[in-house]
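Visitor: File follows, structure_27.pdb with PDB, C-alpha atoms:
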```
ATOM      1  CA  MET A 160      31.963   8.156  15.781
ATOM      2  CA  LYS A 161      28.762   7.268  17.614
ATOM      3  CA  LYS A 162      26.938  10.223  16.056
ATOM      4  CA  ALA A 163      28.068   9.163  12.591
ATOM      5  CA  LEU A 164      26.692   5.650  13.116
ATOM      6  CA  PHE A 165      23.365   7.073  14.295
ATOM      7  CA  LEU A 166      23.281   9.354  11.269
ATOM      8  CA  VAL A 167      23.932   6.488   8.849
ATOM      9  CA  GLY A 168      21.383   4.280  10.649
ATOM     10  CA  GLY A 169      18.765   7.023  10.540
ATOM     11  CA  VAL A 170      19.299   7.652   6.839
ATOM     12  CA  CYS A 171      19.061   3.927   6.093
ATOM     13  CA  ALA A 172      15.877   3.602   8.161
ATOM     14  CA  ALA A 173      14.329   6.576   6.393
ATOM     15  CA  ALA A 174      15.227   5.159   2.979
ATOM     16  CA  ALA A 175      13.800   1.746   3.888
ATOM     17  CA  GLY A 176      10.583   3.329   5.186
ATOM     18  CA  PHE A 177      10.246   5.402   2.051
ATOM     19  CA  LEU A 178      10.672   2.342  -0.163
ATOM     20  CA  VAL A 179       8.209   0.218   1.818
ATOM     21  CA  TRP A 180       5.446   2.750   2.406
ATOM     22  CA  GLY A 181       6.057   4.827  -0.704
ATOM     23  CA  LYS A 182       4.889   2.047  -3.031
ATOM     24  CA  LYS A 183       1.630   1.524  -1.147
ATOM     25  CA  ARG A 184       0.696   5.193  -1.087
ATOM     26  CA  ARG A 185       1.328   6.103  -4.715
ATOM     27  CA  GLU A 186      -1.783   7.237  -6.533
ATOM     28  CA  PRO A 187      -2.128   8.925  -9.861
ATOM     29  CA  VAL A 188      -2.273  12.691  -9.705
ATOM     30  CA  GLU A 189      -5.672  12.771 -11.393
ATOM     31  CA  GLU A 190      -7.188  10.527  -8.714
ATOM     32  CA  LEU A 191      -5.815  12.769  -5.985
ATOM     33  CA  ALA A 192      -7.219  15.803  -7.772
ATOM     34  CA  HIS A 193     -10.683  14.217  -7.873
ATOM     35  CA  LYS A 194     -10.512  13.391  -4.168
ATOM     36  CA  LEU A 195      -9.543  16.971  -3.388
ATOM     37  CA  GLU A 196     -12.371  18.289  -5.556
ATOM     38  CA  GLU A 197     -14.922  16.057  -3.808
ATOM     39  CA  ALA A 198     -13.646  17.015  -0.354
ATOM     40  CA  TRP A 199     -13.779  20.696  -1.256
ATOM     41  CA  ALA A 200     -17.354  20.359  -2.552
ATOM     42  CA  ASP A 201     -18.453  18.447   0.562
ATOM     43  CA  HIS A 202     -16.887  21.062   2.796
ATOM     44  CA  HIS A 203     -18.751  23.902   1.117
ATOM     45  CA  THR A 204     -22.115  22.168   0.781
ATOM     46  CA  VAL A 205     -22.373  20.926   4.393
ATOM     47  CA  VAL A 206     -23.079  24.059   6.429
TER
END
```
Turn the structure described in the file into structure tokens.
Guide:
Amino acid sequence: MKKALFLVGGVCAAAAGFLVWGKKRREPVEELAHKLEEAWADHHTVV
């Protein structure tokens, strides 16, 4: 019984964390692609 309560509590905590931090971290895919492109270019130009 104790393990079941911990399991339910853990799932609820994970869902709450996903809802809280998931909204703040959402960015359009195109913006992420541009960031990746810039990081890749910086990595290859700085030698």
Visitor: Using atom CA of Trp180 of chain A and atom CA of Gly168 of chain A as the two end points, give the distance in Å to one decimal.
Guide: 18.0 Å
Visitor: Rounded to one decimal place, report the atom CA of Phe177 of chain A-atom CA of Lys194 of chain A distance in Å.
Guide: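 Answer for the atom CA of Phe177 of chain A to atom CA of Lys194 of chain A separation: 23.1 Å.
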Visitor: Hey, can you check how far atom CA of Gly176 of chain A sits from atom CA of Lys161 of chain A?
Guide: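 Those two atoms sit 22.4 Å apart.
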